[in-house]
$ cat protein16.json   # JSON, C-alpha atoms
[["chain", "number", "residue", "atom", "x", "y", "z"],
["A", 1, "MET", "CA", 180.42, 111.97, 29.15],
["A", 2, "MET", "CA", 179.20, 114.28, 26.39],
["A", 3, "TYR", "CA", 179.13, 118.04, 27.02],
["A", 4, "TYR", "CA", 177.11, 120.55, 25.02],
["A", 5, "TYR", "CA", 177.21, 124.31, 24.90],
["A", 6, "LYS", "CA", 174.75, 126.17, 27.11],
["A", 7, "ASP", "CA", 171.87, 128.03, 25.49],
["A", 8, "TYR", "CA", 173.59, 131.41, 26.00],
["A", 9, "VAL", "CA", 176.58, 130.33, 23.86],
["A", 10, "THR", "CA", 176.89, 130.66, 20.10],
["A", 11, "ILE", "CA", 180.10, 129.39, 18.54],
["A", 12, "GLU", "CA", 181.07, 132.00, 15.98],
["A", 13, "GLU", "CA", 184.33, 130.56, 14.74],
["A", 14, "ILE", "CA", 186.77, 127.74, 15.17],
["A", 15, "ILE", "CA", 190.11, 127.93, 13.43],
["A", 16, "GLY", "CA", 191.76, 124.55, 13.15],
["A", 17, "ASN", "CA", 191.10, 121.01, 11.98],
["A", 18, "HIS", "CA", 190.77, 117.52, 13.50],
["A", 19, "SER", "CA", 194.33, 117.71, 14.90],
["A", 20, "TYR", "CA", 194.68, 121.35, 15.92],
["A", 21, "ARG", "CA", 192.54, 124.12, 17.31],
["A", 22, "TYR", "CA", 194.06, 127.56, 17.23],
["A", 23, "LEU", "CA", 190.99, 129.50, 18.22],
["A", 24, "LEU", "CA", 187.46, 129.00, 19.49],
["A", 25, "THR", "CA", 185.34, 132.17, 19.43],
["A", 26, "ALA", "CA", 182.10, 132.12, 21.44],
["A", 27, "LYS", "CA", 179.47, 134.83, 21.52],
["A", 28, "LEU", "CA", 177.62, 135.05, 24.85],
["A", 29, "LYS", "CA", 174.06, 136.33, 25.21],
["A", 30, "ASP", "CA", 173.40, 139.29, 27.50],
["A", 31, "GLY", "CA", 177.04, 140.37, 27.60],
["A", 32, "MET", "CA", 178.17, 143.99, 27.56],
["A", 33, "LYS", "CA", 178.81, 145.25, 24.04],
["A", 34, "ASN", "CA", 182.48, 145.08, 23.03],
["A", 35, "LYS", "CA", 183.50, 143.40, 26.31],
["A", 36, "ASN", "CA", 185.74, 140.64, 24.95],
["A", 37, "ALA", "CA", 187.87, 138.18, 26.92],
["A", 38, "LEU", "CA", 190.93, 136.30, 25.71],
["A", 39, "ILE", "CA", 191.56, 133.02, 27.53],
["A", 40, "ILE", "CA", 194.91, 131.26, 27.09],
["A", 41, "MET", "CA", 195.09, 127.69, 28.40],
["A", 42, "LYS", "CA", 197.43, 124.73, 27.80],
["A", 43, "ASN", "CA", 196.00, 122.75, 24.88],
["A", 44, "PRO", "CA", 192.56, 122.04, 23.40],
["A", 45, "SER", "CA", 190.75, 118.94, 24.61],
["A", 46, "LYS", "CA", 187.57, 118.04, 22.73],
["A", 47, "ALA", "CA", 185.45, 121.09, 21.99],
["A", 48, "THR", "CA", 184.29, 121.56, 18.40],
["A", 49, "ASN", "CA", 181.49, 123.57, 16.78],
["A", 50, "ASP", "CA", 178.81, 121.25, 18.18],
["A", 51, "ILE", "CA", 180.33, 119.47, 21.17],
["A", 52, "SER", "CA", 181.87, 121.23, 24.15],
["A", 53, "ASP", "CA", 183.90, 119.86, 27.04],
["A", 54, "GLN", "CA", 183.86, 120.40, 30.79],
["A", 55, "THR", "CA", 186.65, 122.99, 30.82],
["A", 56, "ILE", "CA", 185.24, 125.09, 27.97],
["A", 57, "ASN", "CA", 181.78, 125.04, 29.55],
["A", 58, "ARG", "CA", 183.26, 126.18, 32.87],
["A", 59, "VAL", "CA", 185.20, 129.03, 31.30],
["A", 60, "LEU", "CA", 182.23, 130.18, 29.21],
["A", 61, "GLU", "CA", 179.93, 130.09, 32.24],
["A", 62, "ILE", "CA", 182.33, 132.24, 34.22],
["A", 63, "MET", "CA", 182.77, 134.73, 31.38],
["A", 64, "HIS", "CA", 178.98, 134.84, 30.91],
["A", 65, "ASN", "CA", 178.62, 135.65, 34.63],
["A", 66, "PHE", "CA", 181.19, 138.44, 34.15],
["A", 67, "LYS", "CA", 179.04, 139.84, 31.30],
["A", 68, "TYR", "CA", 181.53, 139.31, 28.48],
["A", 69, "SER", "CA", 179.89, 139.36, 25.06],
["A", 70, "LYS", "CA", 182.64, 137.48, 23.26],
["A", 71, "VAL", "CA", 185.28, 135.00, 24.41],
["A", 72, "PHE", "CA", 188.37, 134.00, 22.44],
["A", 73, "ILE", "CA", 189.84, 130.70, 23.65],
["A", 74, "THR", "CA", 193.41, 129.91, 22.64],
["A", 75, "ASN", "CA", 196.19, 127.71, 23.98],
["A", 76, "LEU", "CA", 199.96, 127.56, 24.39],
["A", 77, "ILE", "CA", 199.91, 124.33, 22.38],
["A", 78, "PRO", "CA", 197.19, 124.02, 19.71],
["A", 79, "ILE", "CA", 197.31, 120.21, 19.45],
["A", 80, "TYR", "CA", 194.06, 118.44, 20.42],
["A", 81, "SER", "CA", 194.51, 116.02, 23.31],
["A", 82, "THR", "CA", 192.60, 115.10, 26.46],
["A", 83, "GLY", "CA", 195.87, 115.00, 28.40],
["A", 84, "PRO", "CA", 199.21, 116.75, 27.89],
["A", 85, "SER", "CA", 201.22, 113.53, 28.28],
["A", 86, "ALA", "CA", 199.51, 112.17, 25.14],
["A", 87, "ILE", "CA", 201.04, 114.96, 23.05],
["A", 88, "ALA", "CA", 204.42, 115.15, 24.77],
["A", 89, "ASP", "CA", 206.26, 113.33, 21.97],
["A", 90, "SER", "CA", 204.88, 115.40, 19.10],
["A", 91, "ILE", "CA", 204.69, 118.94, 20.42],
["A", 92, "SER", "CA", 208.12, 120.19, 19.45],
["A", 93, "ILE", "CA", 208.34, 118.85, 15.90],
["A", 94, "GLU", "CA", 205.69, 121.00, 14.24],
["A", 95, "SER", "CA", 207.01, 124.56, 14.43],
["A", 96, "LYS", "CA", 204.61, 125.93, 11.77],
["A", 97, "ILE", "CA", 201.62, 125.33, 14.05],
["A", 98, "TYR", "CA", 203.16, 127.58, 16.70],
["A", 99, "GLU", "CA", 203.79, 130.37, 14.22],
["A", 100, "LYS", "CA", 200.12, 130.30, 13.19],
["A", 101, "ASN", "CA", 199.02, 129.98, 16.83],
["A", 102, "ASP", "CA", 201.05, 133.02, 17.86],
["A", 103, "ILE", "CA", 199.71, 135.14, 14.98],
["A", 104, "ILE", "CA", 196.15, 134.36, 16.06],
["A", 105, "ILE", "CA", 196.89, 135.07, 19.73],
["A", 106, "ARG", "CA", 198.53, 138.40, 18.81],
["A", 107, "LYS", "CA", 195.41, 139.43, 16.88],
["A", 108, "LYS", "CA", 193.09, 138.45, 19.75],
["A", 109, "VAL", "CA", 195.22, 140.29, 22.32],
["A", 110, "ASP", "CA", 194.46, 143.46, 20.38],
["A", 111, "GLU", "CA", 190.71, 142.66, 20.21],
["A", 112, "SER", "CA", 190.30, 141.83, 23.92],
["A", 113, "SER", "CA", 189.19, 143.93, 26.86],
["A", 114, "LYS", "CA", 190.86, 141.57, 29.33],
["A", 115, "ILE", "CA", 193.24, 138.62, 29.16],
["A", 116, "PHE", "CA", 192.93, 135.57, 31.42],
["A", 117, "VAL", "CA", 195.55, 132.81, 31.57],
["A", 118, "GLY", "CA", 195.26, 129.32, 32.98],
["A", 119, "TRP", "CA", 197.83, 126.97, 31.49],
["A", 120, "GLY", "CA", 198.87, 125.23, 34.70],
["A", 121, "GLY", "CA", 202.05, 123.17, 35.08],
["A", 122, "SER", "CA", 203.89, 121.30, 32.35],
["A", 123, "ASN", "CA", 202.47, 117.86, 33.38],
["A", 124, "GLY", "CA", 204.64, 115.57, 31.27],
["A", 125, "ILE", "CA", 205.51, 118.13, 28.60],
["A", 126, "ASP", "CA", 209.21, 118.90, 28.25],
["A", 127, "PHE", "CA", 209.74, 121.73, 30.73],
["A", 128, "SER", "CA", 212.17, 123.65, 28.52],
["A", 129, "PHE", "CA", 209.75, 123.52, 25.58],
["A", 130, "TYR", "CA", 206.88, 124.51, 27.86],
["A", 131, "THR", "CA", 208.66, 127.52, 29.32],
["A", 132, "ASN", "CA", 209.71, 128.59, 25.80],
["A", 133, "ARG", "CA", 206.06, 128.54, 24.74],
["A", 134, "ILE", "CA", 205.13, 130.63, 27.79],
["A", 135, "GLN", "CA", 207.92, 133.09, 26.93],
["A", 136, "ALA", "CA", 206.58, 133.37, 23.37],
["A", 137, "ILE", "CA", 203.14, 134.25, 24.76],
["A", 138, "LYS", "CA", 204.66, 136.76, 27.17],
["A", 139, "ASN", "CA", 206.38, 138.43, 24.23],
["A", 140, "ILE", "CA", 203.10, 138.62, 22.32],
["A", 141, "ILE", "CA", 201.15, 140.07, 25.24],
["A", 142, "GLY", "CA", 203.81, 142.62, 26.07],
["A", 143, "ARG", "CA", 202.87, 145.09, 28.79],
["A", 144, "LYS", "CA", 199.15, 144.38, 28.88],
["A", 145, "LYS", "CA", 197.72, 143.29, 32.21],
["A", 146, "VAL", "CA", 196.95, 139.60, 32.48],
["A", 147, "PHE", "CA", 194.76, 137.90, 35.11],
["A", 148, "CYS", "CA", 194.38, 134.40, 36.49],
["A", 149, "TYR", "CA", 192.18, 132.61, 38.98],
["A", 150, "ARG", "CA", 195.20, 131.96, 41.21],
["A", 151, "VAL", "CA", 198.86, 130.98, 40.97],
["A", 152, "ILE", "CA", 199.91, 127.42, 41.84],
["A", 153, "LYS", "CA", 203.10, 126.45, 43.73],
["A", 154, "SER", "CA", 205.15, 126.25, 40.52],
["A", 155, "GLY", "CA", 204.32, 129.91, 39.81],
["A", 156, "MET", "CA", 202.01, 129.02, 36.93],
["A", 157, "PRO", "CA", 198.39, 130.19, 36.60],
["A", 158, "ILE", "CA", 196.00, 127.40, 37.63],
["A", 159, "HIS", "CA", 194.21, 125.63, 34.78],
["A", 160, "PRO", "CA", 190.37, 125.64, 34.93],
["A", 161, "CYS", "CA", 190.02, 121.85, 34.43],
["A", 162, "ARG", "CA", 188.05, 119.81, 36.94],
["A", 163, "ASN", "CA", 186.26, 122.95, 38.10],
["A", 164, "GLN", "CA", 189.36, 124.57, 39.60],
["A", 165, "TRP", "CA", 188.00, 127.97, 38.57],
["A", 166, "LYS", "CA", 184.92, 128.42, 40.75],
["A", 167, "ILE", "CA", 181.91, 130.16, 39.25],
["A", 168, "THR", "CA", 181.23, 132.00, 42.50],
["A", 169, "LYS", "CA", 184.50, 133.97, 42.48],
["A", 170, "PRO", "CA", 183.89, 137.57, 41.34],
["A", 171, "GLU", "CA", 185.94, 138.95, 38.46],
["A", 172, "ASN", "CA", 187.60, 141.58, 40.65],
["A", 173, "GLU", "CA", 189.10, 138.79, 42.80],
["A", 174, "TYR", "CA", 191.07, 137.29, 39.91],
["A", 175, "VAL", "CA", 194.70, 138.16, 40.50],
["A", 176, "GLU", "CA", 197.07, 139.93, 38.17],
["A", 177, "TYR", "CA", 199.52, 137.43, 36.73],
["A", 178, "ILE", "CA", 202.94, 138.95, 36.27],
["A", 179, "LEU", "CA", 204.43, 137.69, 33.02]]

$ encode --input "protein16.json" --output "structure tokens"
Amino acid sequence: MMYYYKDYVTIEEIIGNHSYRYLLTAKLKDGMKNKNALIIMKNPSKATNDISDQTINRVLEIMHNFKYSKVFITNLIPIYSTGPSAIADSISIESKIYEKNDIIIRKKVDESSKIFVGWGGSNGIDFSFYTNRIQAIKNIIGRKKVFCYRVIKSGMPIHPCRNQWKITKPENEYVEYIL
């Protein structure tokens, strides 16, 4: 199924190429000026400048409802894949992509009013590698407050795929995620 961005979304910037996406910046109509959200998920799926995907549309709809004017979408792992198991063999061999990814996340942490995380469990990705990536993000975020939809049994913030983040949940009911 093909997904397209809603009419209230303008893609301002995508940093990456056909293999990686470090950042997707979306401007949302009718948002409060300078109210910017940083979203950190697991890895990019399909979204490009012209084509969205179900997860990105869900996240942007929620942030639009919360009156954010700009949304920065980043990931623990910047490698494009529709499923984490498809990238499991290649994620640890390209250290330069993580350096660039972390620089971009650090910059967006400073530009954001609020940080939301939703990377879910490791799902076929080497657990040690996965937890090291999470630790790197924790180090970047530092003492800033971070929020998530809810925490799953593994202690990880639930990923928004398959509509697991409901659009009816108010922003003030997102829980603080202790890094």

$ closest_residue --input "protein16.json" --among "A:Ile56, A:Asp102, A:Tyr5, A:Val71" --to "Asn139 (chain A)" --atoms "all atoms listed in the file"
A:Asp102

$ residues_around --input "protein16.json" --residues "Gln164 (chain A)" --least-positions-apart "6" --cutoff "10 Å" --atoms "only C-alpha atoms" --output "number ranges by chain"
A: 55, 58, 149-150, 158

$ write_last_selection --input "protein16.json" --atoms "C-alpha atoms" --output "tab-separated table (two decimals), in the coordinates of the input"
chain	number	residue	atom	x	y	z
A	55	THR	CA	186.65	122.99	30.82
A	58	ARG	CA	183.26	126.18	32.87
A	149	TYR	CA	192.18	132.61	38.98
A	150	ARG	CA	195.20	131.96	41.21
A	158	ILE	CA	196.00	127.40	37.63

$ closest_atom_pairs --input "protein16.json" --of "region 66-167 of chain A" --to "region 18-30 of chain A" --cutoff "9 Å" --atoms "all atoms listed in the file" --output "CSV"
residue,atom,partner,partner_atom,distance
A:Lys67,CA,A:Asp30,CA,6.8
A:Tyr68,CA,A:Leu28,CA,6.8
A:Ser69,CA,A:Leu28,CA,4.9
A:Lys70,CA,A:Lys27,CA,4.5
A:Val71,CA,A:Ala26,CA,5.2
A:Phe72,CA,A:Thr25,CA,4.6
A:Ile73,CA,A:Leu24,CA,5.1
A:Thr74,CA,A:Leu23,CA,5.1
A:Asn75,CA,A:Tyr22,CA,7.1
A:Ile77,CA,A:Tyr22,CA,8.4
A:Pro78,CA,A:Arg21,CA,5.2
A:Ile79,CA,A:Tyr20,CA,4.5
A:Tyr80,CA,A:Tyr20,CA,5.4
A:Ser81,CA,A:Ser19,CA,8.6
A:Ile97,CA,A:Tyr20,CA,8.2
A:Lys100,CA,A:Tyr22,CA,7.8
A:Asn101,CA,A:Tyr22,CA,5.5
A:Asp102,CA,A:Tyr22,CA,8.9
A:Ile104,CA,A:Tyr22,CA,7.2
A:Ile105,CA,A:Leu23,CA,8.3

$ write_last_selection --input "protein16.json" --atoms "C-alpha atoms" --output "mmCIF file, in the frame of the given file"
data_model
loop_
_atom_site.group_PDB
_atom_site.id
_atom_site.type_symbol
_atom_site.label_atom_id
_atom_site.label_comp_id
_atom_site.auth_asym_id
_atom_site.auth_seq_id
_atom_site.Cartn_x
_atom_site.Cartn_y
_atom_site.Cartn_z
ATOM 1 C CA LYS A 67 179.040 139.840 31.300
ATOM 2 C CA TYR A 68 181.530 139.310 28.480
ATOM 3 C CA SER A 69 179.890 139.360 25.060
ATOM 4 C CA LYS A 70 182.640 137.480 23.260
ATOM 5 C CA VAL A 71 185.280 135.000 24.410
ATOM 6 C CA PHE A 72 188.370 134.000 22.440
ATOM 7 C CA ILE A 73 189.840 130.700 23.650
ATOM 8 C CA THR A 74 193.410 129.910 22.640
ATOM 9 C CA ASN A 75 196.190 127.710 23.980
ATOM 10 C CA ILE A 77 199.910 124.330 22.380
ATOM 11 C CA PRO A 78 197.190 124.020 19.710
ATOM 12 C CA ILE A 79 197.310 120.210 19.450
ATOM 13 C CA TYR A 80 194.060 118.440 20.420
ATOM 14 C CA SER A 81 194.510 116.020 23.310
ATOM 15 C CA ILE A 97 201.620 125.330 14.050
ATOM 16 C CA LYS A 100 200.120 130.300 13.190
ATOM 17 C CA ASN A 101 199.020 129.980 16.830
ATOM 18 C CA ASP A 102 201.050 133.020 17.860
ATOM 19 C CA ILE A 104 196.150 134.360 16.060
ATOM 20 C CA ILE A 105 196.890 135.070 19.730
#

$ closest_residue --input "protein16.json" --among "A:Ile51, A:Val146, A:Ile134, A:Val59" --to "Ser112 (chain A)" --atoms "only C-alpha atoms"
A:Val146

$ atom_distance --input "protein16.json" --atom1 "CA of Leu38 (chain A)" --atom2 "CA of Lys107 (chain A)"
10.4 Å

$ closest_residue --input "protein16.json" --among "A:Ile14, A:Met41, A:Ala47, A:Val151" --to "Met2 (chain A)" --atoms "all atoms listed in the file"
A:Ala47

$ atom_distance --input "protein16.json" --atom1 "CA of Arg143 (chain A)" --atom2 "CA of Phe127 (chain A)"
24.4 Å

$ closest_residue --input "protein16.json" --among "A:Ile178, A:Ile91, A:Ile103, A:Ile152" --to "Ser128 (chain A)" --atoms "only C-alpha atoms"
A:Ile91

$ atom_distance --input "protein16.json" --atom1 "CA of Phe129 (chain A)" --atom2 "CA of Leu76 (chain A)"
10.7 Å

$ closest_residue --input "protein16.json" --among "A:Lys138, A:His64, A:Lys96, A:Lys6" --to "Asn36 (chain A)" --atoms "all atoms listed in the file"
A:His64

$ closest_residue --input "protein16.json" --among "A:Val9, A:Met156, A:Ile62, A:Ile15" --to "Gly120 (chain A)" --atoms "all atoms listed in the file"
A:Met156
